Structure formats: C-alpha cells, structure tokens
file query-v5.cif (mmCIF, C-alpha atoms)
data_entry
#
loop_
_atom_site.label_atom_id
_atom_site.label_comp_id
_atom_site.auth_asym_id
_atom_site.auth_seq_id
_atom_site.Cartn_x
_atom_site.Cartn_y
_atom_site.Cartn_z
CA MET F 1 46.06 -0.17 81.64
CA LYS F 2 48.99 -2.28 82.87
CA ARG F 3 50.89 -1.54 79.68
CA LEU F 4 50.35 2.22 80.11
CA ARG F 5 51.45 2.06 83.74
CA ALA F 6 54.61 0.15 82.79
CA THR F 7 55.37 2.64 80.01
CA LEU F 8 54.91 5.63 82.33
CA LEU F 9 57.02 3.97 85.02
CA GLY F 10 59.79 3.29 82.49
CA LEU F 11 59.65 6.84 81.16
CA GLY F 12 59.71 8.21 84.71
CA PHE F 13 62.78 6.11 85.47
CA VAL F 14 64.60 7.35 82.35
CA VAL F 15 63.75 10.99 83.10
CA GLY F 16 64.78 10.55 86.75
CA VAL F 17 68.14 9.06 85.82
CA ALA F 18 68.75 11.79 83.25
CA ALA F 19 67.80 14.55 85.72
CA GLY F 20 70.09 12.96 88.31
CA PHE F 21 72.88 12.95 85.76
CA GLY F 22 72.31 16.64 85.10
CA LEU F 23 72.30 17.46 88.82
CA PHE F 24 75.48 15.44 89.33
CA ARG F 25 77.12 17.46 86.59
CA ARG F 26 76.12 20.63 88.44
CA TYR F 27 76.89 19.63 92.02
CA GLY F 28 79.28 16.70 91.54
CA GLY F 29 83.00 16.69 92.11
CA ARG F 30 84.00 17.91 88.66
CA ALA F 31 86.24 20.94 88.55
CA GLY F 32 85.41 23.58 85.98
CA ASP F 33 85.94 27.28 85.52
CA THR F 34 82.26 28.10 84.97
CA LYS F 35 79.01 26.27 85.68
CA SER F 36 75.53 27.30 84.57
CA PHE F 37 72.37 25.42 85.57
CA ALA F 38 68.64 25.89 85.02
CA MET F 39 65.74 23.71 86.14
CA PHE F 40 62.21 24.83 85.17
CA GLY F 41 63.60 28.28 84.43
CA GLU F 42 66.15 30.26 82.49
CA SER F 43 69.76 31.12 83.25
CA THR F 44 72.15 33.40 81.38
CA THR F 45 75.82 33.32 82.33
CA VAL F 46 78.17 35.88 80.82
CA VAL F 47 81.74 34.65 81.30
CA GLN F 48 84.67 37.05 81.48
CA SER F 49 87.81 35.02 82.01
CA GLU F 50 91.43 35.55 81.06
CA HIS F 51 92.25 31.86 80.70
CA LEU F 52 89.12 29.74 80.34
CA ARG F 53 89.81 25.99 80.40
CA SER F 54 86.38 24.43 80.91
CA ALA F 55 82.72 25.18 81.50
CA ASP F 56 79.51 23.23 82.14
CA ALA F 57 75.98 24.14 81.04
CA THR F 58 72.99 22.06 82.20
CA ALA F 59 69.32 22.68 81.40
CA VAL F 60 66.56 20.45 82.82
CA PHE F 61 63.09 21.60 81.66
CA GLY F 62 64.61 25.06 81.19
CA ALA F 63 67.04 27.12 79.13
CA VAL F 64 70.68 28.06 79.66
CA THR F 65 72.67 30.62 77.69
CA LEU F 66 76.44 30.49 78.18
CA ASP F 67 77.98 33.66 76.70
CA LEU F 68 81.71 33.22 76.03
CA ARG F 69 82.13 36.17 73.65
CA ASP F 70 84.27 38.19 76.12
CA VAL F 71 86.58 35.29 77.05
CA HIS F 72 90.23 34.86 76.17
CA LEU F 73 91.34 31.36 75.17
CA ASP F 74 95.01 30.42 75.21
CA GLU F 75 94.70 27.40 72.90
CA GLU F 76 91.66 25.30 73.77
CA ALA F 77 88.71 25.15 76.15
CA THR F 78 86.01 22.52 76.67
CA VAL F 79 82.31 23.12 77.30
CA ASP F 80 80.17 20.19 78.46
CA CYS F 81 76.45 20.70 77.71
CA PHE F 82 73.48 18.65 78.92
CA ALA F 83 69.88 19.40 77.92
CA LEU F 84 66.94 17.34 79.20
CA PHE F 85 63.59 18.65 77.89
CA GLY F 86 65.35 22.00 77.66
CA ALA F 87 67.82 24.07 75.67
CA VAL F 88 71.44 25.10 75.98
CA GLU F 89 72.85 27.89 73.84
CA VAL F 90 76.59 28.55 73.75
CA LEU F 91 77.69 31.89 72.30
CA MET F 92 81.25 32.16 71.01
CA PRO F 93 83.22 34.80 69.06
CA LYS F 94 83.92 34.41 65.36
CA ARG F 95 87.68 34.36 65.95
CA TRP F 96 87.53 30.83 67.45
CA ARG F 97 87.30 27.46 65.73
CA LEU F 98 84.61 25.02 66.91
CA ALA F 99 84.91 21.30 67.52
CA LEU F 100 81.35 20.08 68.20
CA SER F 101 80.40 16.55 69.17
CA GLY F 102 77.13 15.39 70.59
CA THR F 103 74.69 12.67 71.46
CA PRO F 104 71.15 13.69 70.53
CA ILE F 105 68.46 11.38 71.94
CA PHE F 106 65.16 12.63 70.51
CA GLY F 107 66.82 16.05 70.47
CA GLY F 108 69.32 18.04 68.46
CA VAL F 109 72.86 19.40 68.50
CA GLU F 110 73.47 22.27 66.08
CA ASP F 111 76.37 24.41 64.87
CA ASN F 112 74.93 27.82 63.92
CA THR F 113 78.26 29.65 63.82
CA MET F 114 79.35 31.70 60.82
CA GLN F 115 82.85 32.80 59.86
CA ASP F 116 83.61 35.93 57.84
CA ALA F 117 86.90 34.51 56.56
CA PRO F 118 88.92 31.31 56.98
CA LEU F 119 90.57 31.13 60.40
CA PRO F 120 94.31 30.59 60.85
CA ALA F 121 95.50 27.19 62.07
CA GLU F 122 96.63 28.72 65.38
CA ALA F 123 93.15 30.09 66.19
CA PRO F 124 91.86 28.94 69.59
CA VAL F 125 89.53 25.93 69.61
CA LEU F 126 86.31 25.63 71.59
CA VAL F 127 85.47 21.97 72.12
CA VAL F 128 81.75 21.51 72.83
CA LYS F 129 80.57 18.09 74.03
CA ALA F 130 76.78 17.89 74.10
CA VAL F 131 74.09 15.50 75.28
CA ALA F 132 70.54 16.46 74.29
CA MET F 133 67.64 14.32 75.51
CA PHE F 134 64.29 15.60 74.22
CA GLY F 135 65.95 19.02 74.00
CA GLY F 136 68.54 20.95 72.09
CA VAL F 137 72.08 22.31 72.23
CA ALA F 138 73.09 25.09 69.82
CA VAL F 139 76.37 26.94 69.34
CA ALA F 140 76.15 30.38 67.72
CA ASN F 141 77.98 33.69 67.44
CA GLU F 142 75.02 35.91 68.37
CA PRO F 143 71.86 35.29 70.44
CA GLY F 144 69.56 35.71 67.44
CA GLN F 145 71.22 32.82 65.60
CA ALA F 146 69.78 30.17 67.93
CA SER F 147 68.02 27.20 66.44
CA ARG F 148 64.24 26.93 66.27
CA ARG F 149 64.38 24.14 68.86
CA THR F 150 66.33 26.31 71.33
CA THR F 151 63.98 29.24 70.78
CA ALA F 152 60.92 26.99 71.25
CA ALA F 153 62.29 25.57 74.50
CA ARG F 154 63.02 29.09 75.78
CA ALA F 155 59.47 30.21 74.88
CA GLU F 156 58.03 27.20 76.75
CA SER F 157 60.16 28.08 79.77
CA ASP F 158 58.85 31.66 79.65
CA ARG F 159 55.23 30.44 79.47
CA ARG F 160 55.74 28.19 82.51
CA ARG F 161 57.35 31.02 84.50
CA GLN F 162 54.48 33.41 83.69
CA ALA F 163 51.91 30.79 84.70
CA ASN F 164 53.45 30.58 88.20
#
call {"tool": "encode", "arguments": {"input": "query-v5.cif", "output": "structure tokens"}}
result
Amino acid sequence: MKRLRATLLGLGFVVGVAAGFGLFRRYGGRAGDTKSFAMFGESTTVVQSEHLRSADATAVFGAVTLDLRDVHLDEEATVDCFALFGAVEVLMPKRWRLALSGTPIFGGVEDNTMQDAPLPAEAPVLVVKAVAMFGGVAVANEPGQASRRTTAARAESDRRRQAN
C-alpha cells in the first residue's frame, strides 16, 4: 500500500509539473504570433497571417489543431508544441519544407506530410519543436492525414465532452 501511494504521489507530481509547464507556455511571458491551448477539450485555430514568425500549441488532456495552410512565410517560422495526455496536430501546405524535432516521453512525434514534387532550396521552412508526454504531436498537410494516436486522443476528448 505504501509503495502504491508513493508511486501515485510521484506520478501526480510529474503530471502536475508537466501541466504547469504547459500552462506557463500558454500564459507565460513568451512572445508569439499565435497561441492555441486546450485542456480537457478541443481547440482548432485557423491562422491567417501575412508574416508568421512563431506559434505555440499546447494540449493537456485535450486536442489542438493548428491550421497554417493559409499563412504566408517569408523564410522560416517556428511552432512550439506541447502535448500532455493529449494531441497536437499542425497542418501545413505542401509548398513548405518541414524541420521537425521532438522529445517523445511515452508518446510520439510524427511527420505525416507528403510532397508532390521536390521543393526548391528557397522554399520556406516550418520548424516544429515538439514535446509529447503520454500524447502525440503530428504534422500533416490535410486533417485526414493525422496519426492514429492523434485521432485516438481526439476521440477520447470527444467522449469526455459528451459525458459532461
């Protein structure tokens, strides 16, 4: 019993720190063009910007979709993603190159983009930096190309919302 209590306390601490990190990303002092946040729910943000530089997407026990398909990039933009027991999906046009890096902790970071033809060297670059803890971050060109993990997290979020 003591071992179970210690394990649950440790897990609660880790989840609390991670959730605090996600909330700091949302409400902290970081400057960004676009911020999208979901906790125990779902959020879809369609961005229409002439000169996007940065964006943040945070999902804690929920799902976030950040749609960048109508955005103009000059050269490069950065998207910081954080998923804790949730899912983040970033949608980008096929005319951009992707630089994806991530830290999956019992989660996944996936590139589901597809190119019709090789892109020129001067094509704009979307830099996606992801942290996925017991959740998933996926980058795709269309909403239907999301990973199974992202789709499963979104379905779980829908079930919770319908139960309330």
call {"tool": "resolve_selection", "arguments": {"input": "query-v5.cif", "expression": "the PyMOL selection byres ((chain F and resi 111-126) around 10)", "output": "ChimeraX atom specification"}}
result
/F:53-54,68,72-79,90-101,109-110,127-129,137-142,145-147
call {"tool": "atom_distance", "arguments": {"input": "query-v5.cif", "atom1": "CA of Asp67 in chain F", "atom2": "CA of Cys81 in chain F"}}
result
13.1 Å
call {"tool": "residues_around", "arguments": {"input": "query-v5.cif", "residues": "range 130-134 of chain F", "least_positions_apart": "2", "cutoff": "8 Å", "atoms": "all atoms listed in the file", "output": "number ranges by chain"}}
result
F: 80-86, 100-109, 128, 136-137
call {"tool": "atom_distance", "arguments": {"input": "query-v5.cif", "atom1": "CA of Phe61 in chain F", "atom2": "CA of Leu4 in chain F"}}
result
23.2 Å
call {"tool": "atom_distance", "arguments": {"input": "query-v5.cif", "atom1": "CA of Val46 in chain F", "atom2": "CA of Val88 in chain F"}}
result
13.6 Å
call {"tool": "resolve_selection", "arguments": {"input": "query-v5.cif", "expression": "the PyMOL selection byres ((chain F and resi 50) around 8)", "output": "ChimeraX atom specification"}}
result
/F:48-49,51-52,71-73
